[in-house]
Structure formats: C-alpha cells, structure tokens
file coords.cif (mmCIF, C-alpha atoms and all ligand atoms)
data_model
loop_
_atom_site.label_atom_id
_atom_site.label_comp_id
_atom_site.auth_asym_id
_atom_site.auth_seq_id
_atom_site.Cartn_x
_atom_site.Cartn_y
_atom_site.Cartn_z
CA MET A 1 33.30 215.96 -131.68
CA GLU A 2 36.21 216.25 -129.26
CA LYS A 3 35.58 214.99 -125.72
CA ILE A 4 37.16 216.90 -122.84
CA LEU A 5 38.31 215.33 -119.58
CA VAL A 6 37.14 217.63 -116.75
CA SER A 7 37.87 217.60 -113.02
CA ALA A 8 34.68 216.44 -111.32
CA CYS A 9 34.86 219.21 -108.70
CA LEU A 10 34.59 221.83 -111.45
CA LEU A 11 31.31 220.18 -112.48
CA GLY A 12 29.84 220.63 -109.01
CA LYS A 13 30.68 217.24 -107.54
CA PRO A 14 31.53 217.59 -103.80
CA VAL A 15 34.69 215.48 -104.04
CA ARG A 16 37.40 217.85 -102.76
CA TYR A 17 39.42 216.95 -99.66
CA ASP A 18 37.06 218.99 -97.46
CA GLY A 19 33.88 217.69 -99.10
CA SER A 20 33.32 220.84 -101.13
CA ASP A 21 33.07 221.34 -104.88
CA LYS A 22 34.68 223.97 -107.06
CA THR A 23 31.85 224.67 -109.48
CA VAL A 24 32.77 226.85 -112.42
CA ALA A 25 29.98 229.07 -113.69
CA SER A 26 30.81 229.12 -117.38
CA SER A 27 28.43 229.27 -120.31
CA ILE A 28 31.15 227.61 -122.41
CA LEU A 29 31.43 224.65 -120.04
CA SER A 30 27.61 224.39 -119.88
CA GLN A 31 27.51 224.32 -123.67
CA TRP A 32 30.11 221.52 -123.75
CA GLN A 33 28.00 219.58 -121.24
CA ARG A 34 24.89 219.98 -123.41
CA GLU A 35 26.88 218.78 -126.42
CA GLY A 36 27.94 215.65 -124.52
CA ARG A 37 31.64 216.51 -124.76
CA VAL A 38 32.41 216.42 -121.04
CA VAL A 39 33.95 213.38 -119.35
CA GLY A 40 33.98 214.12 -115.61
CA LEU A 41 36.42 212.41 -113.27
CA CYS A 42 37.93 212.84 -109.82
CA PRO A 43 41.23 210.94 -109.93
CA GLU A 44 41.60 210.85 -106.14
CA VAL A 45 38.13 209.38 -105.59
CA GLU A 46 38.68 206.97 -108.50
CA ALA A 47 41.79 205.78 -106.66
CA GLY A 48 39.69 204.99 -103.60
CA LEU A 49 40.47 207.98 -101.40
CA PRO A 50 37.56 209.01 -99.16
CA VAL A 51 35.60 212.26 -98.99
CA PRO A 52 36.43 214.11 -96.84
CA ARG A 53 40.15 213.38 -96.54
CA PRO A 54 43.08 215.29 -95.06
CA PRO A 55 44.73 217.84 -97.38
CA ALA A 56 47.79 216.54 -99.20
CA GLU A 57 50.71 218.27 -100.91
CA ILE A 58 53.72 217.27 -102.96
CA ILE A 59 56.64 217.54 -100.58
CA GLY A 60 59.86 219.37 -101.26
CA GLY A 61 58.64 222.02 -103.67
CA ARG A 62 58.67 219.66 -106.60
CA GLY A 63 56.04 218.78 -109.17
CA GLY A 64 54.14 215.76 -110.43
CA ASP A 65 56.97 214.60 -112.68
CA ALA A 66 59.19 214.13 -109.62
CA VAL A 67 56.47 212.02 -107.98
CA HIS A 68 56.22 209.86 -111.09
CA ASP A 69 59.97 209.30 -111.24
CA GLY A 70 60.07 208.39 -107.55
CA THR A 71 62.07 211.38 -106.34
CA ALA A 72 59.20 213.12 -104.52
CA LYS A 73 56.30 212.04 -102.33
CA ILE A 74 52.80 213.22 -101.56
CA LEU A 75 51.96 213.44 -97.87
CA GLU A 76 48.80 214.35 -96.02
CA ASN A 77 49.08 217.04 -93.34
CA THR A 78 48.93 214.14 -90.87
CA GLY A 79 52.23 212.85 -92.27
CA LYS A 80 50.62 209.84 -93.97
CA ASP A 81 52.24 208.94 -97.29
CA VAL A 82 49.52 208.84 -99.98
CA THR A 83 51.87 208.81 -102.98
CA GLN A 84 50.68 205.46 -104.33
CA SER A 85 47.00 206.43 -104.18
CA PHE A 86 47.68 209.68 -106.03
CA LEU A 87 49.71 207.86 -108.67
CA ALA A 88 46.89 205.32 -109.09
CA GLY A 89 44.48 208.23 -109.62
CA ALA A 90 46.75 209.71 -112.27
CA TRP A 91 46.86 206.43 -114.18
CA LYS A 92 43.07 206.12 -113.94
CA ALA A 93 42.77 209.62 -115.43
CA LEU A 94 45.04 208.66 -118.32
CA GLU A 95 43.09 205.43 -118.84
CA THR A 96 39.84 207.44 -118.96
CA ALA A 97 41.31 209.99 -121.38
CA ARG A 98 42.39 207.16 -123.66
CA LYS A 99 39.03 205.38 -123.42
CA TRP A 100 37.18 208.53 -124.56
CA HIS A 101 39.93 209.71 -126.94
CA CYS A 102 40.28 212.97 -125.01
CA ARG A 103 43.05 215.16 -126.38
CA PHE A 104 42.14 218.02 -124.04
CA ALA A 105 41.64 218.25 -120.29
CA LEU A 106 40.22 221.00 -118.07
CA LEU A 107 41.63 220.51 -114.59
CA THR A 108 41.45 222.31 -111.24
CA ASP A 109 44.56 224.35 -110.64
CA GLY A 110 46.56 224.09 -107.40
CA SER A 111 45.69 220.45 -106.67
CA PRO A 112 48.55 217.95 -106.18
CA SER A 113 46.61 215.83 -108.70
CA CYS A 114 44.94 218.21 -111.14
CA GLY A 115 47.06 221.38 -110.80
CA SER A 116 48.63 222.57 -114.04
CA SER A 117 50.15 226.01 -113.45
CA PHE A 118 50.69 226.09 -109.69
CA LEU A 119 50.94 223.82 -106.66
CA TYR A 120 51.24 224.32 -102.92
CA ASP A 121 54.84 223.96 -101.83
CA GLY A 122 54.52 221.10 -99.35
CA SER A 123 54.67 223.26 -96.24
CA PHE A 124 50.87 223.38 -95.74
CA THR A 125 51.16 227.14 -95.27
CA GLY A 126 49.33 228.14 -98.44
CA ALA A 127 52.56 229.07 -100.23
CA ARG A 128 52.34 228.55 -103.98
CA ILE A 129 54.96 227.46 -106.49
CA PRO A 130 54.80 226.93 -110.25
CA GLY A 131 54.26 223.33 -111.27
CA ALA A 132 51.86 220.57 -112.29
CA GLY A 133 50.26 217.80 -110.24
CA VAL A 134 50.56 214.07 -110.91
CA VAL A 135 47.48 213.89 -113.17
CA ALA A 136 48.38 216.94 -115.27
CA ALA A 137 52.01 215.81 -115.57
CA LEU A 138 51.04 212.33 -116.78
CA LEU A 139 48.44 213.60 -119.24
CA LEU A 140 50.87 216.16 -120.67
CA LYS A 141 53.54 213.49 -121.07
CA ASN A 142 51.04 211.42 -123.04
CA GLY A 143 49.95 214.13 -125.44
CA VAL A 144 46.84 215.46 -123.70
CA GLU A 145 46.71 219.27 -123.64
CA VAL A 146 45.87 220.49 -120.13
CA PHE A 147 44.05 223.74 -119.29
CA SER A 148 43.05 225.14 -115.90
CA GLU A 149 39.63 226.49 -114.94
CA HIS A 150 41.03 229.98 -115.63
CA GLN A 151 41.75 229.06 -119.24
CA ILE A 152 38.31 227.93 -120.46
CA SER A 153 38.21 230.59 -123.18
CA MET A 154 41.70 229.56 -124.31
CA LEU A 155 40.59 225.92 -124.49
CA ALA A 156 37.49 226.96 -126.46
CA GLU A 157 39.71 228.77 -128.98
CA ARG A 158 42.02 225.76 -129.15
CA LEU A 159 39.07 223.43 -129.82
CA ASP A 160 37.65 225.79 -132.40
CA ALA A 161 40.96 225.97 -134.25
CA ASP A 162 41.23 222.20 -134.12
CA GLU A 163 37.73 221.50 -135.38
CA THR A 164 37.38 224.24 -138.00
CA PRO A 165 39.32 222.39 -140.73
CA PHE A 166 37.11 219.34 -140.10
CA ARG A 167 33.93 221.39 -140.37
CA THR A 168 35.24 223.10 -143.52
CA GLY A 169 36.05 219.67 -144.94
CA CYS A 170 32.49 218.51 -144.27
CA LEU A 171 31.05 221.55 -146.00
CA ARG A 172 33.25 220.97 -149.00
CA ARG A 173 32.30 217.30 -149.21
CA PHE A 174 28.57 217.95 -149.06
S1 LIG B 201 41.54 215.28 -107.53
FE1 LIG B 201 41.04 216.80 -109.12
S2 LIG B 201 38.83 216.40 -109.48
FE2 LIG B 201 39.30 215.44 -107.52
S3 LIG B 201 38.81 217.01 -106.00
FE3 LIG B 201 41.01 217.21 -106.47
S4 LIG B 201 41.07 218.78 -108.06
FE4 LIG B 201 38.96 218.05 -107.97
#
call {"tool": "encode", "arguments": {"input": "coords.cif", "output": "structure tokens"}}
result
Amino acid sequence: MEKILVSACLLGKPVRYDGSDKTVASSILSQWQREGRVVGLCPEVEAGLPVPRPPAEIIGGRGGDAVHDGTAKILENTGKDVTQSFLAGAWKALETARKWHCRFALLTDGSPSCGSSFLYDGSFTGARIPGAGVVAALLLKNGVEVFSEHQISMLAERLDADETPFRTGCLRRF
C-alpha cells in the first residue's frame, strides 16, 4: 500500500511559524491515517528551527528551485538568512520520502518549504505568486508527485488509478 508524505501541520501538529496547526478535516485523509499510509513530517522542525519562529519567505519572487541552485535566499521578516536551515529541511523530507518509498506527498500550500502551487512573494505583504517551495521543488525533481491540501480528492483518484491494476492482478492470481 502506497505511503504518503504529509505536512505535519495538516495532521494537527502545532508546528507552523506562529505555533498554530493547519488541520485538514478530510474523511479521505482520516481513512489514509487509519490505513497506516500517512508519514507525517515538518521539514522546518526537522531541520532544527524552533516553534514559534519568525515568518520567512523566498526573496525576489522566485521559487524553491532558485533557492536550491543558489540564486535565491530565504529570509525571515527580521532579515535573518535561514536559507541553509530550509534547505536542510528539504533534504530531510526527501530522505524520509525515500525511507518510506513515498511516491506521493500532500503538502501545505503557500509555505516557502511545502508550497506547491503558490508562494508569498518575499515582500511580507501577503502578495502571492505562483511557485513551489524548497521541499516541493526537491521532491518533484526526484519523482515524488506533490499535491496541496486543496487537491486531496485528486490525490485519492491518482492513488486509486495507481493501485487498481495491482488489486486486479491480485484478484486474477487468487
Ligand atoms: S514546514 Fe511544512 S509541515 Fe512544517 S509548518 Fe511549514 S507547511 Fe507545515
């Protein structure tokens, strides 16, 4: 059964920068938890960042790929450069995905780590831009399919399509 890497804040863990969680009330996600498919992780906490911590954004309106190739940085709103911590968190997420053979991830959108469809633009004004954070970018580059919390049904369909041939094969064999 496919394991799914899931942002810990979506599972109710109070690990966000302000000490809050971002619990998703989803019967599908609850079902995956009951089935033992869910591998929860907060990349920023795994990298040693504290809770709470100042908000951070990728600077210059650029995405996670630019941070990985060294052409963009991640700064807190205090001006502190936290690029290396965020990169360490991304590599820990990839390591975890590999350990559990996760081919799918469900990540919190908008985060400079976990965002997959949008980010904040680095101005700390709440302005959004399309793009992926450092975790999503690294997972995608390494073959892990990334979905946001708004795409749980889409991920369920994707999993179903992926596992149906296997189930059919089992039925045929037995
Ligand atoms: S790094 Fe990811 S899991 Fe951790 S608080 Fe931010 S969005 Fe949630």
call {"tool": "residues_around", "arguments": {"input": "coords.cif", "residues": "A:Leu155", "least_positions_apart": "6", "cutoff": "9 Å", "atoms": "all atoms listed in the file", "output": "compact mmCIF listing (two decimals) with C-alpha atoms, in the coordinates of the input"}}
result
# COMPACT_ATOMS: atom_id res chain seq x y z
CA PHE A 104 42.14 218.02 -124.04
CA ALA A 105 41.64 218.25 -120.29
CA LEU A 106 40.22 221.00 -118.07
CA VAL A 146 45.87 220.49 -120.13
CA PHE A 147 44.05 223.74 -119.29
CA SER A 148 43.05 225.14 -115.90
call {"tool": "atom_distance", "arguments": {"input": "coords.cif", "atom1": "atom CA of A:Arg53", "atom2": "atom CA of A:Asn77"}}
result
10.2 Å
call {"tool": "residues_near_point", "arguments": {"input": "coords.cif", "point": "(48.0, 214.5, -120.1)", "cutoff": "12 Å", "atoms": "all atoms listed in the file", "output": "PDB file with C-alpha atoms, in the frame of the given file"}}
result
ATOM      1  CA  ILE A   4      37.160 216.900-122.840  1.00  0.00           C
ATOM      2  CA  LEU A   5      38.310 215.330-119.580  1.00  0.00           C
ATOM      3  CA  VAL A   6      37.140 217.630-116.750  1.00  0.00           C
ATOM      4  CA  GLY A  64      54.140 215.760-110.430  1.00  0.00           C
ATOM      5  CA  ASP A  65      56.970 214.600-112.680  1.00  0.00           C
ATOM      6  CA  ALA A  90      46.750 209.710-112.270  1.00  0.00           C
ATOM      7  CA  TRP A  91      46.860 206.430-114.180  1.00  0.00           C
ATOM      8  CA  LYS A  92      43.070 206.120-113.940  1.00  0.00           C
ATOM      9  CA  ALA A  93      42.770 209.620-115.430  1.00  0.00           C
ATOM     10  CA  LEU A  94      45.040 208.660-118.320  1.00  0.00           C
ATOM     11  CA  GLU A  95      43.090 205.430-118.840  1.00  0.00           C
ATOM     12  CA  THR A  96      39.840 207.440-118.960  1.00  0.00           C
ATOM     13  CA  ALA A  97      41.310 209.990-121.380  1.00  0.00           C
ATOM     14  CA  ARG A  98      42.390 207.160-123.660  1.00  0.00           C
ATOM     15  CA  HIS A 101      39.930 209.710-126.940  1.00  0.00           C
ATOM     16  CA  CYS A 102      40.280 212.970-125.010  1.00  0.00           C
ATOM     17  CA  ARG A 103      43.050 215.160-126.380  1.00  0.00           C
ATOM     18  CA  PHE A 104      42.140 218.020-124.040  1.00  0.00           C
ATOM     19  CA  ALA A 105      41.640 218.250-120.290  1.00  0.00           C
ATOM     20  CA  LEU A 106      40.220 221.000-118.070  1.00  0.00           C
ATOM     21  CA  LEU A 107      41.630 220.510-114.590  1.00  0.00           C
ATOM     22  CA  SER A 113      46.610 215.830-108.700  1.00  0.00           C
ATOM     23  CA  CYS A 114      44.940 218.210-111.140  1.00  0.00           C
ATOM     24  CA  GLY A 115      47.060 221.380-110.800  1.00  0.00           C
ATOM     25  CA  SER A 116      48.630 222.570-114.040  1.00  0.00           C
ATOM     26  CA  ALA A 132      51.860 220.570-112.290  1.00  0.00           C
ATOM     27  CA  GLY A 133      50.260 217.800-110.240  1.00  0.00           C
ATOM     28  CA  VAL A 134      50.560 214.070-110.910  1.00  0.00           C
ATOM     29  CA  VAL A 135      47.480 213.890-113.170  1.00  0.00           C
ATOM     30  CA  ALA A 136      48.380 216.940-115.270  1.00  0.00           C
ATOM     31  CA  ALA A 137      52.010 215.810-115.570  1.00  0.00           C
ATOM     32  CA  LEU A 138      51.040 212.330-116.780  1.00  0.00           C
ATOM     33  CA  LEU A 139      48.440 213.600-119.240  1.00  0.00           C
ATOM     34  CA  LEU A 140      50.870 216.160-120.670  1.00  0.00           C
ATOM     35  CA  LYS A 141      53.540 213.490-121.070  1.00  0.00           C
ATOM     36  CA  ASN A 142      51.040 211.420-123.040  1.00  0.00           C
ATOM     37  CA  GLY A 143      49.950 214.130-125.440  1.00  0.00           C
ATOM     38  CA  VAL A 144      46.840 215.460-123.700  1.00  0.00           C
ATOM     39  CA  GLU A 145      46.710 219.270-123.640  1.00  0.00           C
ATOM     40  CA  VAL A 146      45.870 220.490-120.130  1.00  0.00           C
ATOM     41  CA  PHE A 147      44.050 223.740-119.290  1.00  0.00           C
TER      42      PHE A 147
END
call {"tool": "residues_near_ligand", "arguments": {"input": "coords.cif", "ligand": "ligand LIG 201 (chain B)", "cutoff": "8 Å", "atoms": "all atoms listed in the file", "output": "list in words"}}
result
Val6, Ser7, Ala8, Cys9, Leu10, Pro14, Val15, Arg16, Tyr17, Asp21, Lys22, Leu41, Cys42, Pro43, Glu44, Val45, Gly89, Leu107, Thr108, Asp109, Gly110, Ser111, Pro112, Ser113, Cys114 and Gly115 of chain A
call {"tool": "atom_distance", "arguments": {"input": "coords.cif", "atom1": "atom CA of A:Phe118", "atom2": "atom CA of A:Ser30"}}
result
25.3 Å
call {"tool": "atom_distance", "arguments": {"input": "coords.cif", "atom1": "atom CA of A:Leu49", "atom2": "atom CA of A:Pro130"}}
result
25.4 Å
call {"tool": "decode", "arguments": {"input": "coords.cif", "residues": "stretch 32-172 of chain A", "atoms": "C-alpha atoms", "output": "PDB file, in the first residue's frame"}}
result
ATOM      1  CA  TRP A  32      -5.381   7.079   4.971  1.00  0.00           C
ATOM      2  CA  GLN A  33      -4.327   7.566   8.603  1.00  0.00           C
ATOM      3  CA  ARG A  34      -6.376   4.531   9.687  1.00  0.00           C
ATOM      4  CA  GLU A  35      -4.774   2.502   6.900  1.00  0.00           C
ATOM      5  CA  GLY A  36      -1.302   3.466   8.134  1.00  0.00           C
ATOM      6  CA  ARG A  37      -0.391   5.196   4.873  1.00  0.00           C
ATOM      7  CA  VAL A  38       0.494   8.584   6.332  1.00  0.00           C
ATOM      8  CA  VAL A  39       4.076   9.618   7.058  1.00  0.00           C
ATOM      9  CA  GLY A  40       3.898  12.996   8.833  1.00  0.00           C
ATOM     10  CA  LEU A  41       6.806  15.415   8.783  1.00  0.00           C
ATOM     11  CA  CYS A  42       7.540  19.090   9.357  1.00  0.00           C
ATOM     12  CA  PRO A  43      10.709  19.800   7.368  1.00  0.00           C
ATOM     13  CA  GLU A  44      11.425  23.078   9.170  1.00  0.00           C
ATOM     14  CA  VAL A  45      11.196  21.500  12.633  1.00  0.00           C
ATOM     15  CA  GLU A  46      13.213  18.500  11.409  1.00  0.00           C
ATOM     16  CA  ALA A  47      15.909  20.986  10.399  1.00  0.00           C
ATOM     17  CA  GLY A  48      16.023  22.326  13.948  1.00  0.00           C
ATOM     18  CA  LEU A  49      14.012  25.525  13.563  1.00  0.00           C
ATOM     19  CA  PRO A  50      12.049  26.453  16.703  1.00  0.00           C
ATOM     20  CA  VAL A  51       8.308  26.849  17.242  1.00  0.00           C
ATOM     21  CA  PRO A  52       7.322  29.631  17.177  1.00  0.00           C
ATOM     22  CA  ARG A  53       9.700  31.269  14.706  1.00  0.00           C
ATOM     23  CA  PRO A  54       9.544  34.444  12.623  1.00  0.00           C
ATOM     24  CA  PRO A  55       7.764  34.118   9.256  1.00  0.00           C
ATOM     25  CA  ALA A  56      10.091  33.514   6.330  1.00  0.00           C
ATOM     26  CA  GLU A  57       9.698  33.978   2.576  1.00  0.00           C
ATOM     27  CA  ILE A  58      11.706  33.260  -0.547  1.00  0.00           C
ATOM     28  CA  ILE A  59      13.090  36.617  -1.590  1.00  0.00           C
ATOM     29  CA  GLY A  60      12.866  38.093  -5.046  1.00  0.00           C
ATOM     30  CA  GLY A  61       9.681  36.472  -6.276  1.00  0.00           C
ATOM     31  CA  ARG A  62      11.419  33.243  -7.125  1.00  0.00           C
ATOM     32  CA  GLY A  63      10.674  29.651  -6.213  1.00  0.00           C
ATOM     33  CA  GLY A  64      12.312  26.730  -4.445  1.00  0.00           C
ATOM     34  CA  ASP A  65      14.356  25.711  -7.489  1.00  0.00           C
ATOM     35  CA  ALA A  66      16.151  29.064  -7.376  1.00  0.00           C
ATOM     36  CA  VAL A  67      16.969  28.507  -3.696  1.00  0.00           C
ATOM     37  CA  HIS A  68      18.379  25.068  -4.498  1.00  0.00           C
ATOM     38  CA  ASP A  69      20.572  26.411  -7.293  1.00  0.00           C
ATOM     39  CA  GLY A  70      21.870  29.194  -5.058  1.00  0.00           C
ATOM     40  CA  THR A  71      20.298  32.110  -6.923  1.00  0.00           C
ATOM     41  CA  ALA A  72      17.671  32.957  -4.276  1.00  0.00           C
ATOM     42  CA  LYS A  73      17.565  33.117  -0.495  1.00  0.00           C
ATOM     43  CA  ILE A  74      15.017  32.617   2.250  1.00  0.00           C
ATOM     44  CA  LEU A  75      14.888  35.392   4.842  1.00  0.00           C
ATOM     45  CA  GLU A  76      12.872  35.846   7.987  1.00  0.00           C
ATOM     46  CA  ASN A  77      10.959  39.111   8.357  1.00  0.00           C
ATOM     47  CA  THR A  78      13.744  40.103  10.763  1.00  0.00           C
ATOM     48  CA  GLY A  79      16.222  39.948   7.871  1.00  0.00           C
ATOM     49  CA  LYS A  80      17.921  36.793   9.172  1.00  0.00           C
ATOM     50  CA  ASP A  81      19.053  34.444   6.407  1.00  0.00           C
ATOM     51  CA  VAL A  82      17.570  30.984   7.069  1.00  0.00           C
ATOM     52  CA  THR A  83      18.304  29.519   3.625  1.00  0.00           C
ATOM     53  CA  GLN A  84      20.546  26.720   4.898  1.00  0.00           C
ATOM     54  CA  SER A  85      18.021  25.562   7.511  1.00  0.00           C
ATOM     55  CA  PHE A  86      15.243  25.439   4.919  1.00  0.00           C
ATOM     56  CA  LEU A  87      17.461  23.518   2.503  1.00  0.00           C
ATOM     57  CA  ALA A  88      18.354  21.059   5.283  1.00  0.00           C
ATOM     58  CA  GLY A  89      14.622  20.559   5.901  1.00  0.00           C
ATOM     59  CA  ALA A  90      14.030  19.870   2.225  1.00  0.00           C
ATOM     60  CA  TRP A  91      16.737  17.206   2.164  1.00  0.00           C
ATOM     61  CA  LYS A  92      15.311  15.624   5.327  1.00  0.00           C
ATOM     62  CA  ALA A  93      11.908  15.460   3.604  1.00  0.00           C
ATOM     63  CA  LEU A  94      13.436  13.735   0.586  1.00  0.00           C
ATOM     64  CA  GLU A  95      15.328  11.332   2.861  1.00  0.00           C
ATOM     65  CA  THR A  96      12.055  10.498   4.655  1.00  0.00           C
ATOM     66  CA  ALA A  97      10.187  10.012   1.374  1.00  0.00           C
ATOM     67  CA  ARG A  98      12.895   7.625   0.208  1.00  0.00           C
ATOM     68  CA  LYS A  99      12.951   5.738   3.515  1.00  0.00           C
ATOM     69  CA  TRP A 100       9.198   5.052   3.297  1.00  0.00           C
ATOM     70  CA  HIS A 101       9.124   4.693  -0.507  1.00  0.00           C
ATOM     71  CA  CYS A 102       6.642   7.575  -0.787  1.00  0.00           C
ATOM     72  CA  ARG A 103       5.816   8.407  -4.386  1.00  0.00           C
ATOM     73  CA  PHE A 104       3.172  10.936  -3.335  1.00  0.00           C
ATOM     74  CA  ALA A 105       3.194  13.908  -0.981  1.00  0.00           C
ATOM     75  CA  LEU A 106       0.389  16.062   0.427  1.00  0.00           C
ATOM     76  CA  LEU A 107       1.895  19.406   1.398  1.00  0.00           C
ATOM     77  CA  THR A 108       0.633  22.719   2.779  1.00  0.00           C
ATOM     78  CA  ASP A 109       0.336  25.290   0.032  1.00  0.00           C
ATOM     79  CA  GLY A 110       1.877  28.770   0.348  1.00  0.00           C
ATOM     80  CA  SER A 111       4.774  27.740   2.598  1.00  0.00           C
ATOM     81  CA  PRO A 112       8.345  28.546   1.474  1.00  0.00           C
ATOM     82  CA  SER A 113       9.020  24.870   2.284  1.00  0.00           C
ATOM     83  CA  CYS A 114       5.860  22.936   1.470  1.00  0.00           C
ATOM     84  CA  GLY A 115       4.075  25.242  -1.014  1.00  0.00           C
ATOM     85  CA  SER A 116       3.352  23.646  -4.375  1.00  0.00           C
ATOM     86  CA  SER A 117       1.088  25.989  -6.350  1.00  0.00           C
ATOM     87  CA  PHE A 118       1.725  29.377  -4.747  1.00  0.00           C
ATOM     88  CA  LEU A 119       4.212  31.218  -2.543  1.00  0.00           C
ATOM     89  CA  TYR A 120       4.359  34.623  -0.905  1.00  0.00           C
ATOM     90  CA  ASP A 121       6.463  36.989  -2.971  1.00  0.00           C
ATOM     91  CA  GLY A 122       9.130  37.925  -0.438  1.00  0.00           C
ATOM     92  CA  SER A 123       7.680  41.311   0.438  1.00  0.00           C
ATOM     93  CA  PHE A 124       5.895  40.093   3.609  1.00  0.00           C
ATOM     94  CA  THR A 125       2.780  41.902   2.417  1.00  0.00           C
ATOM     95  CA  GLY A 126       0.669  38.806   1.775  1.00  0.00           C
ATOM     96  CA  ALA A 127       1.111  39.071  -2.000  1.00  0.00           C
ATOM     97  CA  ARG A 128       1.009  35.680  -3.704  1.00  0.00           C
ATOM     98  CA  ILE A 129       2.861  34.382  -6.738  1.00  0.00           C
ATOM     99  CA  PRO A 130       2.791  31.010  -8.497  1.00  0.00           C
ATOM    100  CA  GLY A 131       5.598  28.684  -7.464  1.00  0.00           C
ATOM    101  CA  ALA A 132       6.808  25.841  -5.270  1.00  0.00           C
ATOM    102  CA  GLY A 133       8.764  25.882  -2.018  1.00  0.00           C
ATOM    103  CA  VAL A 134      12.100  24.179  -1.395  1.00  0.00           C
ATOM    104  CA  VAL A 135      10.581  20.879  -0.195  1.00  0.00           C
ATOM    105  CA  ALA A 136       8.045  20.580  -3.023  1.00  0.00           C
ATOM    106  CA  ALA A 137      10.662  21.546  -5.629  1.00  0.00           C
ATOM    107  CA  LEU A 138      13.142  18.921  -4.404  1.00  0.00           C
ATOM    108  CA  LEU A 139      10.526  16.164  -4.147  1.00  0.00           C
ATOM    109  CA  LEU A 140       9.215  16.935  -7.636  1.00  0.00           C
ATOM    110  CA  LYS A 141      12.741  16.862  -9.051  1.00  0.00           C
ATOM    111  CA  ASN A 142      13.174  13.415  -7.520  1.00  0.00           C
ATOM    112  CA  GLY A 143       9.997  11.878  -8.865  1.00  0.00           C
ATOM    113  CA  VAL A 144       7.614  12.403  -5.949  1.00  0.00           C
ATOM    114  CA  GLU A 145       4.209  13.712  -7.059  1.00  0.00           C
ATOM    115  CA  VAL A 146       3.169  16.666  -4.891  1.00  0.00           C
ATOM    116  CA  PHE A 147      -0.414  17.685  -4.086  1.00  0.00           C
ATOM    117  CA  SER A 148      -1.699  20.532  -1.919  1.00  0.00           C
ATOM    118  CA  GLU A 149      -4.327  20.286   0.801  1.00  0.00           C
ATOM    119  CA  HIS A 150      -6.848  21.534  -1.782  1.00  0.00           C
ATOM    120  CA  GLN A 151      -6.147  18.534  -4.013  1.00  0.00           C
ATOM    121  CA  ILE A 152      -6.875  15.619  -1.652  1.00  0.00           C
ATOM    122  CA  SER A 153      -9.599  14.239  -3.931  1.00  0.00           C
ATOM    123  CA  MET A 154      -7.228  14.488  -6.901  1.00  0.00           C
ATOM    124  CA  LEU A 155      -4.553  12.595  -4.957  1.00  0.00           C
ATOM    125  CA  ALA A 156      -7.132   9.952  -3.982  1.00  0.00           C
ATOM    126  CA  GLU A 157      -8.015   9.466  -7.658  1.00  0.00           C
ATOM    127  CA  ARG A 158      -4.329   9.302  -8.550  1.00  0.00           C
ATOM    128  CA  LEU A 159      -3.714   6.652  -5.877  1.00  0.00           C
ATOM    129  CA  ASP A 160      -6.749   4.694  -6.957  1.00  0.00           C
ATOM    130  CA  ALA A 161      -5.622   4.682 -10.577  1.00  0.00           C
ATOM    131  CA  ASP A 162      -2.159   3.613  -9.495  1.00  0.00           C
ATOM    132  CA  GLU A 163      -3.299   0.784  -7.242  1.00  0.00           C
ATOM    133  CA  THR A 164      -6.193  -0.600  -9.295  1.00  0.00           C
ATOM    134  CA  PRO A 165      -4.010  -2.651 -11.681  1.00  0.00           C
ATOM    135  CA  PHE A 166      -2.256  -4.149  -8.643  1.00  0.00           C
ATOM    136  CA  ARG A 167      -5.555  -5.064  -6.995  1.00  0.00           C
ATOM    137  CA  THR A 168      -6.844  -6.514 -10.279  1.00  0.00           C
ATOM    138  CA  GLY A 169      -3.629  -8.513 -10.562  1.00  0.00           C
ATOM    139  CA  CYS A 170      -4.147  -9.927  -7.076  1.00  0.00           C
ATOM    140  CA  LEU A 171      -7.699 -10.944  -7.892  1.00  0.00           C
ATOM    141  CA  ARG A 172      -6.549 -12.666 -11.041  1.00  0.00           C
TER     142      ARG A 172
END
